[in-house]
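*Asks:* Below: one structure in C-alpha cells.
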Amino acid sequence: MPAIQMAMADLGFRPAEPDDINALYGEPLEVFCRKLLNSGDDTCREFRNGIRRHQIITLREKGALYPGTREMLSALKDMGFNLAVCSNADMDYIELVTSSLGIADMFSLIEGKDGHASKTLRLKKIIEKSRSSFSVMVGDRYHDIGAALENSIPSIGCLYGYGDPAEMQKANHTVSRPAEIVDVIRMLPVNPGTF
C-alpha cells in the first residue's frame with residue numbers, strides 16, 4: 001500500500017485511501033491504474049515503474065506474511081506437495097515478494113500474468129506442467145475460485161485475505177487462517193501433487 005500511495009504522489013495524484021487500494025488487491029495492475037488514476041497507457045507504465053521502485057524498499061522494510069503462513073507452507077511441503085503460485089501479478093513482482101518474505105524456495109512452479117492469459121489458463125498451465133493427479137486452488141479473490149471451477153479442481157477460499165467474504169461463496173471450503181488450509185487438505189482424498 002505505501003508503494004502504491006507513493007507512486008501516485010510521484011505522478012501528482014492524491015494518494016488513494018487504504019480501503020480503496022485493499023479492494024483492488026488480486027486484480028491486474030491495469031485495473032489498479034484504471035480505478036485509481038483513470039489514466040492511459042503511458043501514465044500506467046510510469047505508475048507501474050514507480051510502484052516497483054518503492055516496493056523494493058517497502059516490501060523489505062514492512063512486508064510480512066499472514067501469521068502461520070510459513071508453517072502452513074512447510075507442512076504442505078512435508079506432506080509431499082509441490083506448491084505453485086498462480087497470480088495476476090507479473091513475474092518481477094512475484095519474485096520480489098517471495099524473495100523479500102523468504103519463501104521463494106517453497107514453490108516449484110510460478111505463473112504470473114504474462115500477456116492477456118486469464119488466471120484460468122495460467123492455472124491450467126500449472127496443472128499440465130505438474131502432471132499431478134491432484135490439484136487444489138487456494139486464494140482470497142473471486143479470480144482464484146473461478147479459475148478452480150473452470151479447471152474442475154477443488155478450491156479453498158481464504159477469508160483472511162483481501163477479498164470480500166461474498167467472493168468465497170463458490171469455494172469448496174473456506175478458512176479463517178493459514179493453518180486451517182493444512183486441516184482442509186488432510187480431509188480431502190488427496191495424493192501429494194500440486195497445491
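Ordering of the C-alpha cells sets the chain letters (A, B, ...); residue numbers start at 1 within each chain; ligands are numbered from 1 in the order shown.
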Show which residues sit within 9 Å of Tyr142 of chain A, as a list in words. Count only C-alpha atoms, and ignore same-chain residues fewer than 3 positions away.

*Replies:*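 Once the nearby chain positions are removed, what remains is Gly26, Gly139, Ile145, Gly146, Ala147, Gly157, Gly163, Asp164, Ala166, Glu167, Met168 and Lys170 of chain A.
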
*Asks:* Save out the residues we just selected, C-alpha atoms, as a PDB file, in the first residue's frame.

*Replies:*
ATOM      1  CA  GLY A  26      -5.661  -9.534  -6.604  1.00  0.00           C
ATOM      2  CA  GLY A 139      -6.983 -17.981  -2.885  1.00  0.00           C
ATOM      3  CA  ILE A 145     -12.287 -19.548  -7.085  1.00  0.00           C
ATOM      4  CA  GLY A 146     -13.432 -19.035 -10.672  1.00  0.00           C
ATOM      5  CA  ALA A 147     -10.189 -20.468 -12.077  1.00  0.00           C
ATOM      6  CA  GLY A 157     -11.241 -19.654  -0.097  1.00  0.00           C
ATOM      7  CA  GLY A 163     -11.372 -10.372  -0.993  1.00  0.00           C
ATOM      8  CA  ASP A 164     -14.857  -9.810   0.302  1.00  0.00           C
ATOM      9  CA  ALA A 166     -19.015 -12.975  -0.618  1.00  0.00           C
ATOM     10  CA  GLU A 167     -16.346 -13.776  -3.221  1.00  0.00           C
ATOM     11  CA  MET A 168     -15.739 -17.083  -1.455  1.00  0.00           C
ATOM     12  CA  LYS A 170     -18.482 -20.770  -4.558  1.00  0.00           C
TER      13      LYS A 170
END

*Asks:* Env of Val184 of chain A: 9 Å cut, atoms = only C-alpha atoms, seq-sep filter 2 positions within chain, self excluded. Answer as a ChimeraX atom specification.

*Replies:* /A:156,173-175,180-182,186-188

*Asks:* Go ahead and write the residues just picked, N, CA, C and O atoms, as a PDB file, in the first residue's frame.

*Replies:*
ATOM      1  N   ILE A 156     -10.094 -23.667  -2.045  1.00  0.00           N
ATOM      2  CA  ILE A 156     -10.141 -23.256  -0.647  1.00  0.00           C
ATOM      3  C   ILE A 156     -10.096 -21.734  -0.639  1.00  0.00           C
ATOM      4  O   ILE A 156      -9.125 -21.131  -1.104  1.00  0.00           O
ATOM      5  N   HIS A 173     -14.332 -25.012   0.128  1.00  0.00           N
ATOM      6  CA  HIS A 173     -14.033 -24.886   1.558  1.00  0.00           C
ATOM      7  C   HIS A 173     -13.581 -23.452   1.808  1.00  0.00           C
ATOM      8  O   HIS A 173     -13.059 -22.797   0.915  1.00  0.00           O
ATOM      9  N   THR A 174     -13.754 -22.983   3.030  1.00  0.00           N
ATOM     10  CA  THR A 174     -13.215 -21.683   3.417  1.00  0.00           C
ATOM     11  C   THR A 174     -12.425 -21.839   4.702  1.00  0.00           C
ATOM     12  O   THR A 174     -12.689 -22.743   5.513  1.00  0.00           O
ATOM     13  N   VAL A 175     -11.438 -20.962   4.866  1.00  0.00           N
ATOM     14  CA  VAL A 175     -10.589 -20.980   6.054  1.00  0.00           C
ATOM     15  C   VAL A 175     -10.446 -19.564   6.584  1.00  0.00           C
ATOM     16  O   VAL A 175     -10.524 -18.598   5.825  1.00  0.00           O
ATOM     17  N   GLU A 180      -5.490 -23.556   8.912  1.00  0.00           N
ATOM     18  CA  GLU A 180      -6.678 -24.329   8.551  1.00  0.00           C
ATOM     19  C   GLU A 180      -6.578 -24.931   7.147  1.00  0.00           C
ATOM     20  O   GLU A 180      -7.262 -25.899   6.833  1.00  0.00           O
ATOM     21  N   ILE A 181      -5.731 -24.362   6.302  1.00  0.00           N
ATOM     22  CA  ILE A 181      -5.532 -24.917   4.962  1.00  0.00           C
ATOM     23  C   ILE A 181      -5.006 -26.343   5.073  1.00  0.00           C
ATOM     24  O   ILE A 181      -5.471 -27.249   4.381  1.00  0.00           O
ATOM     25  N   VAL A 182      -4.049 -26.558   5.957  1.00  0.00           N
ATOM     26  CA  VAL A 182      -3.492 -27.899   6.162  1.00  0.00           C
ATOM     27  C   VAL A 182      -4.583 -28.847   6.656  1.00  0.00           C
ATOM     28  O   VAL A 182      -4.691 -29.984   6.176  1.00  0.00           O
ATOM     29  N   ARG A 186      -5.899 -32.211   4.658  1.00  0.00           N
ATOM     30  CA  ARG A 186      -5.879 -33.546   5.296  1.00  0.00           C
ATOM     31  C   ARG A 186      -7.231 -34.244   5.177  1.00  0.00           C
ATOM     32  O   ARG A 186      -7.301 -35.463   5.222  1.00  0.00           O
ATOM     33  N   MET A 187      -8.322 -33.482   5.052  1.00  0.00           N
ATOM     34  CA  MET A 187      -9.660 -34.076   4.937  1.00  0.00           C
ATOM     35  C   MET A 187      -9.975 -34.521   3.509  1.00  0.00           C
ATOM     36  O   MET A 187     -10.886 -35.311   3.296  1.00  0.00           O
ATOM     37  N   LEU A 188      -9.255 -33.977   2.533  1.00  0.00           N
ATOM     38  CA  LEU A 188      -9.539 -34.290   1.132  1.00  0.00           C
ATOM     39  C   LEU A 188      -8.921 -35.620   0.733  1.00  0.00           C
ATOM     40  O   LEU A 188      -7.874 -35.998   1.250  1.00  0.00           O
TER      41      LEU A 188
END

*Asks:* Taking the DSSP assignment computed from this structure's backbone, write out as number ranges by chain all residues of segment 1-157 of chain A that belong to strand (DSSP E).

*Replies:* A: 83-86, 107-111, 137-139, 155-157

*Asks:* Compile the contact shell of Tyr25 of chain A as a ChimeraX atom specification: residues with an atom at most 9 Å away, counting only C-alpha atoms, same-chain residues fewer than 5 positions apart removed.

*Replies:* /A:32,141,162-163

*Asks:* List as an MDAnalysis selection string the protein and nucleic acid residues near Gln5 of chain A, meaning an atom at most 9 Å away when only C-alpha atoms are counted, but skip any in the same chain fewer than 4 places from it.

*Replies:* chainID A and resid 1 9:10 13:18 21 51

*Asks:* Choose the residue, out of A:Ser133, A:Ser108, A:Ser99, A:Ser74, that has the smallest atom-to-atom separation from Pro189 of chain A; count only C-alpha atoms.

*Replies:*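 Closest residue, counting only C-alpha atoms: A:Ser133.
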